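Dumped target-v5.pdb below, it's PDB, C-alpha atoms:
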ATOM      1  CA  MET W   1     162.270  59.071 171.142
ATOM      2  CA  ILE W   2     158.588  59.967 170.949
ATOM      3  CA  ILE W   3     156.077  57.602 172.546
ATOM      4  CA  GLY W   4     152.398  58.020 171.748
ATOM      5  CA  ILE W   5     149.732  56.796 174.144
ATOM      6  CA  CYS W   6     146.109  56.533 173.055
ATOM      7  CA  GLY W   7     142.938  55.199 174.561
ATOM      8  CA  LYS W   8     139.432  56.278 175.350
ATOM      9  CA  SER W   9     138.430  58.281 178.411
ATOM     10  CA  GLY W  10     139.470  56.569 181.629
ATOM     11  CA  ALA W  11     141.817  54.100 179.936
ATOM     12  CA  GLY W  12     144.822  55.224 181.982
ATOM     13  CA  LYS W  13     146.797  57.280 179.441
ATOM     14  CA  SER W  14     148.091  59.814 181.943
ATOM     15  CA  THR W  15     148.798  57.137 184.523
ATOM     16  CA  LEU W  16     150.917  55.203 182.024
ATOM     17  CA  ALA W  17     152.647  58.395 180.853
ATOM     18  CA  ASN W  18     153.535  59.271 184.432
ATOM     19  CA  ARG W  19     154.860  55.755 185.027
ATOM     20  CA  LEU W  20     157.053  56.059 181.932
ATOM     21  CA  LYS W  21     158.313  59.382 183.225
ATOM     22  CA  GLU W  22     159.189  57.742 186.561
ATOM     23  CA  TYR W  23     160.833  54.806 184.771
ATOM     24  CA  TYR W  24     162.987  56.868 182.402
ATOM     25  CA  GLY W  25     163.611  59.752 184.799
ATOM     26  CA  LYS W  26     164.416  63.384 184.124
ATOM     27  CA  SER W  27     165.124  62.753 180.461
ATOM     28  CA  THR W  28     161.363  62.315 179.908
ATOM     29  CA  ILE W  29     158.583  64.840 179.437
ATOM     30  CA  HIS W  30     154.878  64.047 179.496
ATOM     31  CA  VAL W  31     152.753  66.114 177.130
ATOM     32  CA  GLU W  32     149.044  65.942 177.917
ATOM     33  CA  ILE W  33     147.640  67.274 174.679
ATOM     34  CA  ASP W  34     144.229  67.861 176.300
ATOM     35  CA  LYS W  35     145.922  70.428 178.555
ATOM     36  CA  ILE W  36     147.290  72.211 175.503
ATOM     37  CA  GLY W  37     143.711  72.311 174.245
ATOM     38  CA  TYR W  38     142.635  73.906 177.539
ATOM     39  CA  GLU W  39     145.445  76.469 177.242
ATOM     40  CA  VAL W  40     144.378  77.607 173.786
ATOM     41  CA  LEU W  41     140.879  78.287 175.138
ATOM     42  CA  LEU W  42     142.470  81.246 176.949
ATOM     43  CA  ILE W  43     143.604  82.893 173.701
ATOM     44  CA  ASP W  44     141.435  85.919 172.825
ATOM     45  CA  GLU W  45     141.190  85.025 169.133
ATOM     46  CA  VAL W  46     140.027  81.488 170.017
ATOM     47  CA  LYS W  47     137.413  82.839 172.434
ATOM     48  CA  LYS W  48     136.173  85.221 169.760
ATOM     49  CA  GLU W  49     135.786  82.370 167.253
ATOM     50  CA  LEU W  50     134.084  80.153 169.851
ATOM     51  CA  ARG W  51     131.616  82.917 170.690
ATOM     52  CA  CYS W  52     130.808  83.347 166.981
ATOM     53  CA  SER W  53     130.368  79.598 166.461
ATOM     54  CA  PHE W  54     128.709  78.486 169.703
ATOM     55  CA  GLY W  55     127.330  81.666 171.260
ATOM     56  CA  ASP W  56     127.495  82.927 174.812
ATOM     57  CA  THR W  57     126.180  79.656 176.269
ATOM     58  CA  VAL W  58     129.701  78.178 176.435
ATOM     59  CA  PHE W  59     131.031  81.128 178.442
ATOM     60  CA  ASP W  60     130.993  82.033 182.092
ATOM     61  CA  ASN W  61     131.608  85.769 181.908
ATOM     62  CA  SER W  62     134.668  86.053 179.636
ATOM     63  CA  LYS W  63     136.008  82.569 180.359
ATOM     64  CA  VAL W  64     135.198  79.454 178.310
ATOM     65  CA  ASP W  65     133.222  77.001 180.447
ATOM     66  CA  ARG W  66     134.839  73.707 179.390
ATOM     67  CA  LYS W  67     132.059  71.606 180.897
ATOM     68  CA  LYS W  68     129.355  73.424 178.911
ATOM     69  CA  LEU W  69     131.492  73.361 175.767
ATOM     70  CA  GLY W  70     132.207  69.652 176.243
ATOM     71  CA  PHE W  71     128.544  68.795 176.680
ATOM     72  CA  LEU W  72     127.743  70.677 173.486
ATOM     73  CA  VAL W  73     130.472  69.167 171.294
ATOM     74  CA  PHE W  74     130.310  65.598 172.659
ATOM     75  CA  ASN W  75     126.708  65.492 171.435
ATOM     76  CA  SER W  76     127.511  66.503 167.859
ATOM     77  CA  HIS W  77     130.265  65.380 165.508
ATOM     78  CA  ARG W  78     129.682  68.550 163.477
ATOM     79  CA  LYS W  79     130.205  70.760 166.534
ATOM     80  CA  MET W  80     133.232  68.717 167.612
ATOM     81  CA  LYS W  81     134.764  69.276 164.182
ATOM     82  CA  LYS W  82     134.026  72.994 164.451
ATOM     83  CA  LEU W  83     135.790  73.141 167.833
ATOM     84  CA  SER W  84     138.781  71.304 166.359
ATOM     85  CA  ASP W  85     138.857  73.651 163.373
ATOM     86  CA  ILE W  86     139.039  76.610 165.764
ATOM     87  CA  THR W  87     141.638  75.249 168.201
ATOM     88  CA  TRP W  88     143.848  72.834 166.256
ATOM     89  CA  ASN W  89     146.194  75.307 164.547
ATOM     90  CA  TYR W  90     147.001  76.934 167.893
ATOM     91  CA  MET W  91     147.514  73.517 169.476
ATOM     92  CA  GLN W  92     149.896  72.433 166.697
ATOM     93  CA  ILE W  93     152.070  75.516 167.193
ATOM     94  CA  LYS W  94     152.436  74.721 170.906
ATOM     95  CA  LEU W  95     153.085  71.015 170.234
ATOM     96  CA  ASP W  96     155.671  71.733 167.565
ATOM     97  CA  ASP W  97     157.445  74.115 169.958
ATOM     98  CA  ILE W  98     157.504  71.506 172.735
ATOM     99  CA  ILE W  99     158.874  68.807 170.423
ATOM    100  CA  SER W 100     161.514  71.138 168.963
ATOM    101  CA  ALA W 101     162.658  72.278 172.397
ATOM    102  CA  ASN W 102     162.986  68.709 173.717
ATOM    103  CA  LYS W 103     164.693  66.757 170.933
ATOM    104  CA  ASP W 104     167.200  65.428 173.459
ATOM    105  CA  LYS W 105     164.473  63.885 175.658
ATOM    106  CA  ILE W 106     161.949  61.092 175.588
ATOM    107  CA  ILE W 107     158.640  62.752 174.772
ATOM    108  CA  VAL W 108     155.447  60.989 175.824
ATOM    109  CA  LEU W 109     152.397  62.270 173.927
ATOM    110  CA  ASP W 110     149.120  61.408 175.645
ATOM    111  CA  TRP W 111     145.902  62.048 173.725
ATOM    112  CA  ILE W 112     142.709  60.293 172.732
ATOM    113  CA  LEU W 113     142.837  61.835 169.238
ATOM    114  CA  LEU W 114     146.522  61.264 168.490
ATOM    115  CA  PRO W 115     145.895  58.867 165.541
ATOM    116  CA  SER W 116     144.026  61.576 163.630
ATOM    117  CA  THR W 117     147.058  63.891 163.672
ATOM    118  CA  LYS W 118     150.490  64.145 162.078
ATOM    119  CA  TYR W 119     151.979  63.424 165.506
ATOM    120  CA  MET W 120     151.014  59.758 165.310
ATOM    121  CA  ASN W 121     153.501  59.357 162.455
ATOM    122  CA  LEU W 122     156.216  61.080 164.501
ATOM    123  CA  CYS W 123     155.922  58.475 167.270
ATOM    124  CA  ASP W 124     158.674  55.885 167.498
ATOM    125  CA  LYS W 125     156.418  53.704 169.660
ATOM    126  CA  ARG W 126     152.620  53.729 169.698
ATOM    127  CA  ILE W 127     150.660  52.329 172.632
ATOM    128  CA  LEU W 128     146.910  51.715 172.711
ATOM    129  CA  LEU W 129     145.221  51.269 176.061
ATOM    130  CA  ASP W 130     142.218  49.115 175.210
ATOM    131  CA  VAL W 131     140.720  48.912 178.707
ATOM    132  CA  PRO W 132     137.162  47.562 179.178
ATOM    133  CA  TYR W 133     134.267  50.014 179.252
ATOM    134  CA  GLU W 134     133.211  49.218 182.831
ATOM    135  CA  VAL W 135     136.709  49.907 184.188
ATOM    136  CA  ARG W 136     136.947  53.181 182.297
ATOM    137  CA  LEU W 137     133.461  54.230 183.425
ATOM    138  CA  LYS W 138     134.349  53.784 187.110
ATOM    139  CA  ARG W 139     137.614  55.675 186.681
ATOM    140  CA  ALA W 140     136.009  58.600 184.840
ATOM    141  CA  ILE W 141     133.186  58.937 187.366
ATOM    142  CA  LYS W 142     135.704  59.016 190.210
ATOM    143  CA  ARG W 143     138.256  61.262 188.452
ATOM    144  CA  ASP W 144     135.932  63.718 186.693
ATOM    145  CA  GLY W 145     132.868  63.651 188.933
ATOM    146  CA  ILE W 146     130.598  62.889 185.986
ATOM    147  CA  THR W 147     127.487  60.754 185.757
ATOM    148  CA  PRO W 148     127.211  57.501 183.792
ATOM    149  CA  LYS W 149     125.059  59.371 181.268
ATOM    150  CA  GLU W 150     127.735  62.044 180.798
ATOM    151  CA  PHE W 151     130.324  59.308 180.343
ATOM    152  CA  GLU W 152     128.134  57.650 177.703
ATOM    153  CA  ILE W 153     127.927  60.941 175.778
ATOM    154  CA  ARG W 154     131.731  61.220 175.951
ATOM    155  CA  GLU W 155     132.065  57.599 174.862
ATOM    156  CA  LYS W 156     129.889  58.117 171.785
ATOM    157  CA  ALA W 157     132.180  60.965 170.707
ATOM    158  CA  SER W 158     135.300  58.814 171.130
ATOM    159  CA  PRO W 159     137.182  57.545 168.088
ATOM    160  CA  GLU W 160     137.527  53.907 167.154
ATOM    161  CA  TYR W 161     141.110  52.738 166.885
ATOM    162  CA  LYS W 162     142.747  50.439 164.357
ATOM    163  CA  LYS W 163     144.813  48.070 166.464
ATOM    164  CA  ALA W 164     147.194  47.490 163.553
ATOM    165  CA  ASP W 165     148.347  51.131 163.920
ATOM    166  CA  PHE W 166     149.915  50.392 167.317
ATOM    167  CA  ASP W 167     153.090  48.662 168.446
ATOM    168  CA  TYR W 168     151.616  47.699 171.818
ATOM    169  CA  ILE W 169     148.039  47.060 172.888
ATOM    170  CA  ILE W 170     147.430  47.019 176.624
ATOM    171  CA  GLU W 171     144.145  45.644 177.927
ATOM    172  CA  ASP W 172     145.013  45.714 181.613
ATOM    173  CA  THR W 173     147.003  48.405 183.359
ATOM    174  CA  ASP W 174     148.039  46.265 186.308
ATOM    175  CA  GLU W 175     151.568  46.585 187.683
ATOM    176  CA  THR W 176     152.951  43.451 185.991
ATOM    177  CA  THR W 177     151.681  44.481 182.557
ATOM    178  CA  LEU W 178     153.123  47.981 182.915
ATOM    179  CA  GLU W 179     156.524  46.655 184.030
ATOM    180  CA  ARG W 180     156.677  44.328 180.990
ATOM    181  CA  LEU W 181     155.731  47.179 178.674
ATOM    182  CA  MET W 182     158.354  49.557 180.059
ATOM    183  CA  SER W 183     161.116  47.014 179.780
ATOM    184  CA  ALA W 184     160.030  46.239 176.187
ATOM    185  CA  LEU W 185     160.241  49.882 175.121
TER     186      LEU W 185
END
Mind converting the file's structure to structure tokens?
Amino acid sequence: MIIGICGKSGAGKSTLANRLKEYYGKSTIHVEIDKIGYEVLLIDEVKKELRCSFGDTVFDNSKVDRKKLGFLVFNSHRKMKKLSDITWNYMQIKLDDIISANKDKIIVLDWILLPSTKYMNLCDKRILLDVPYEVRLKRAIKRDGITPKEFEIREKASPEYKKADFDYIIEDTDETTLERLMSAL
């Protein structure tokens, strides 16, 4: 089974994914697609394309500075698309490999952009975490050490979701709600 979890920054995607992993046990893997995105930033060909597209300002020596890159792309849909165009093919290869290697497991895909990919259609269950802005803001400030202004920039770059695309919509990630969700899956 493949379970997809979506929601904006600070919604609790990874927390829910980890709870599902605890609930279902060793037969479950949690795939944080953002981390795959970070991994592809280490590939020489990707770095070369990023340098051509965004210049040296997104680098710290030979390493991509994710914070600088994020600030740049979260402020521009055009630049965000360019970043996706550079990284997505590499990310898909890694994702396809993970899914192929774990067909006998429950795979939990956790990503804000999941609905805009082919992987949304592969999901047997789709969960949207539709947590209020204020809650997400507090979580992101604490987790990421960002300012409210930086969160607002991130928020503006976030996708809007069609609730009809999801099997479950969670507005509160309290313990009771999560227990009901896990038993329903």
Inset, instruction - Please evaluate the PyMOL selection byres ((chain W and resi 155) around 10) against the displayed coordinates and give the resulting residues as a PyMOL selection string. - result: chain W and resi 8-9+74+133+136-137+149-154+156-159
Serialized selection, C-alpha atoms, as an mmCIF file, keeping the file's coordinate frame:
data_model
loop_
_atom_site.group_PDB
_atom_site.id
_atom_site.type_symbol
_atom_site.label_atom_id
_atom_site.label_comp_id
_atom_site.auth_asym_id
_atom_site.auth_seq_id
_atom_site.Cartn_x
_atom_site.Cartn_y
_atom_site.Cartn_z
ATOM 1 C CA LYS W 8 139.432 56.278 175.350
ATOM 2 C CA SER W 9 138.430 58.281 178.411
ATOM 3 C CA PHE W 74 130.310 65.598 172.659
ATOM 4 C CA TYR W 133 134.267 50.014 179.252
ATOM 5 C CA ARG W 136 136.947 53.181 182.297
ATOM 6 C CA LEU W 137 133.461 54.230 183.425
ATOM 7 C CA LYS W 149 125.059 59.371 181.268
ATOM 8 C CA GLU W 150 127.735 62.044 180.798
ATOM 9 C CA PHE W 151 130.324 59.308 180.343
ATOM 10 C CA GLU W 152 128.134 57.650 177.703
ATOM 11 C CA ILE W 153 127.927 60.941 175.778
ATOM 12 C CA ARG W 154 131.731 61.220 175.951
ATOM 13 C CA LYS W 156 129.889 58.117 171.785
ATOM 14 C CA ALA W 157 132.180 60.965 170.707
ATOM 15 C CA SER W 158 135.300 58.814 171.130
ATOM 16 C CA PRO W 159 137.182 57.545 168.088
#
Legend entry - Nearby residues (all atoms listed in the file) at most 12 Å from Asn121 (chain W), same-chain spacing under 4 positions excluded, as a ChimeraX atom specification: /W:2-4,109,114-117,125-126,165-166
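Polymer residues near (154.0, 50.4, 175.0): counting only C-alpha atoms with a cut-off of 7 Å, they are Lys125, Arg126, Ile127, Asp167, Tyr168, Leu181, Met182 and Leu185 of chain W.
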Inset, instruction - Report the distance between CA of Thr147 (chain W) and CA of Met80 (chain W) in Å, rounded to one decimal place. - result: 20.6 Å
Legend entry - Residues within 7 Å of Leu128 (chain W), all atoms listed in the file, excluding chain neighbours under 5 positions, as a ChimeraX atom specification: /W:5-7,166,168-170
Legend entry - Reference answer for the PyMOL selection byres ((chain W and resi 53-68) around 12), as a VMD selection string: chain W and resid 34 to 35 37 to 44 46 to 52 69 to 75 78 to 86 144 to 146 150 154
Result set, the PyMOL selection byres ((chain W and resi 92) around 12) on current file, as a compact mmCIF listing (two decimals) with C-alpha atoms, in the frame of the given file:
# COMPACT_ATOMS: atom_id res chain seq x y z
CA ILE W 33 147.64 67.27 174.68
CA ILE W 36 147.29 72.21 175.50
CA GLY W 37 143.71 72.31 174.24
CA VAL W 40 144.38 77.61 173.79
CA SER W 84 138.78 71.30 166.36
CA ASP W 85 138.86 73.65 163.37
CA ILE W 86 139.04 76.61 165.76
CA THR W 87 141.64 75.25 168.20
CA TRP W 88 143.85 72.83 166.26
CA ASN W 89 146.19 75.31 164.55
CA TYR W 90 147.00 76.93 167.89
CA MET W 91 147.51 73.52 169.48
CA ILE W 93 152.07 75.52 167.19
CA LYS W 94 152.44 74.72 170.91
CA LEU W 95 153.08 71.02 170.23
CA ASP W 96 155.67 71.73 167.56
CA ASP W 97 157.44 74.11 169.96
CA ILE W 98 157.50 71.51 172.74
CA ILE W 99 158.87 68.81 170.42
CA SER W 100 161.51 71.14 168.96
CA LEU W 114 146.52 61.26 168.49
CA THR W 117 147.06 63.89 163.67
CA LYS W 118 150.49 64.14 162.08
CA TYR W 119 151.98 63.42 165.51
Can you take the partial region 102-127 of chain W, add N, CA and C atoms, and return it as an mmCIF file, keeping the file's coordinate frame?
data_model
loop_
_atom_site.group_PDB
_atom_site.id
_atom_site.type_symbol
_atom_site.label_atom_id
_atom_site.label_comp_id
_atom_site.auth_asym_id
_atom_site.auth_seq_id
_atom_site.Cartn_x
_atom_site.Cartn_y
_atom_site.Cartn_z
ATOM 1 N N ASN W 102 162.651 69.881 172.900
ATOM 2 C CA ASN W 102 162.986 68.709 173.717
ATOM 3 C C ASN W 102 163.482 67.531 172.889
ATOM 4 N N LYS W 103 164.190 67.819 171.809
ATOM 5 C CA LYS W 103 164.693 66.757 170.933
ATOM 6 C C LYS W 103 165.658 65.805 171.634
ATOM 7 N N ASP W 104 166.244 66.246 172.724
ATOM 8 C CA ASP W 104 167.200 65.428 173.459
ATOM 9 C C ASP W 104 166.536 64.591 174.560
ATOM 10 N N LYS W 105 165.203 64.593 174.601
ATOM 11 C CA LYS W 105 164.473 63.885 175.658
ATOM 12 C C LYS W 105 163.526 62.849 175.072
ATOM 13 N N ILE W 106 163.031 62.006 175.947
ATOM 14 C CA ILE W 106 161.949 61.092 175.588
ATOM 15 C C ILE W 106 160.662 61.883 175.783
ATOM 16 N N ILE W 107 159.886 61.988 174.727
ATOM 17 C CA ILE W 107 158.640 62.752 174.772
ATOM 18 C C ILE W 107 157.487 61.757 174.746
ATOM 19 N N VAL W 108 156.623 61.851 175.753
ATOM 20 C CA VAL W 108 155.447 60.989 175.824
ATOM 21 C C VAL W 108 154.231 61.846 175.499
ATOM 22 N N LEU W 109 153.606 61.561 174.356
ATOM 23 C CA LEU W 109 152.397 62.270 173.927
ATOM 24 C C LEU W 109 151.187 61.452 174.361
ATOM 25 N N ASP W 110 150.277 62.071 175.056
ATOM 26 C CA ASP W 110 149.120 61.408 175.645
ATOM 27 C C ASP W 110 147.870 62.113 175.127
ATOM 28 N N TRP W 111 147.110 61.411 174.250
ATOM 29 C CA TRP W 111 145.902 62.048 173.725
ATOM 30 C C TRP W 111 144.996 61.030 173.063
ATOM 31 N N ILE W 112 143.722 61.170 173.311
ATOM 32 C CA ILE W 112 142.709 60.293 172.732
ATOM 33 C C ILE W 112 142.667 60.409 171.211
ATOM 34 N N LEU W 113 142.956 61.592 170.678
ATOM 35 C CA LEU W 113 142.837 61.835 169.238
ATOM 36 C C LEU W 113 144.160 61.765 168.477
ATOM 37 N N LEU W 114 145.200 61.292 169.113
ATOM 38 C CA LEU W 114 146.522 61.264 168.490
ATOM 39 C C LEU W 114 146.537 60.622 167.094
ATOM 40 N N PRO W 115 145.837 59.493 166.868
ATOM 41 C CA PRO W 115 145.895 58.867 165.541
ATOM 42 C C PRO W 115 145.368 59.724 164.390
ATOM 43 N N SER W 116 144.579 60.740 164.703
ATOM 44 C CA SER W 116 144.026 61.576 163.630
ATOM 45 C C SER W 116 144.917 62.785 163.334
ATOM 46 N N THR W 117 146.154 62.762 163.856
ATOM 47 C CA THR W 117 147.058 63.891 163.672
ATOM 48 C C THR W 117 148.383 63.445 163.053
ATOM 49 N N LYS W 118 149.161 64.419 162.621
ATOM 50 C CA LYS W 118 150.490 64.145 162.078
ATOM 51 C C LYS W 118 151.425 63.604 163.149
ATOM 52 N N TYR W 119 151.101 63.833 164.405
ATOM 53 C CA TYR W 119 151.979 63.424 165.506
ATOM 54 C C TYR W 119 152.022 61.911 165.677
ATOM 55 N N MET W 120 150.998 61.227 165.243
ATOM 56 C CA MET W 120 151.014 59.758 165.310
ATOM 57 C C MET W 120 152.178 59.218 164.481
ATOM 58 N N ASN W 121 152.412 59.802 163.325
ATOM 59 C CA ASN W 121 153.501 59.357 162.455
ATOM 60 C C ASN W 121 154.879 59.720 163.001
ATOM 61 N N LEU W 122 154.942 60.692 163.895
ATOM 62 C CA LEU W 122 156.216 61.080 164.501
ATOM 63 C C LEU W 122 156.621 60.133 165.635
ATOM 64 N N CYS W 123 155.658 59.352 166.125
ATOM 65 C CA CYS W 123 155.922 58.475 167.270
ATOM 66 C C CYS W 123 156.800 57.291 166.874
ATOM 67 N N ASP W 124 157.821 57.058 167.686
ATOM 68 C CA ASP W 124 158.674 55.885 167.498
ATOM 69 C C ASP W 124 157.987 54.627 168.028
ATOM 70 N N LYS W 125 157.206 54.789 169.067
ATOM 71 C CA LYS W 125 156.418 53.704 169.660
ATOM 72 C C LYS W 125 155.010 54.212 169.887
ATOM 73 N N ARG W 126 154.033 53.365 169.558
ATOM 74 C CA ARG W 126 152.620 53.729 169.698
ATOM 75 C C ARG W 126 151.944 52.702 170.601
ATOM 76 N N ILE W 127 151.297 53.202 171.653
ATOM 77 C CA ILE W 127 150.660 52.329 172.632
ATOM 78 C C ILE W 127 149.170 52.631 172.668
#
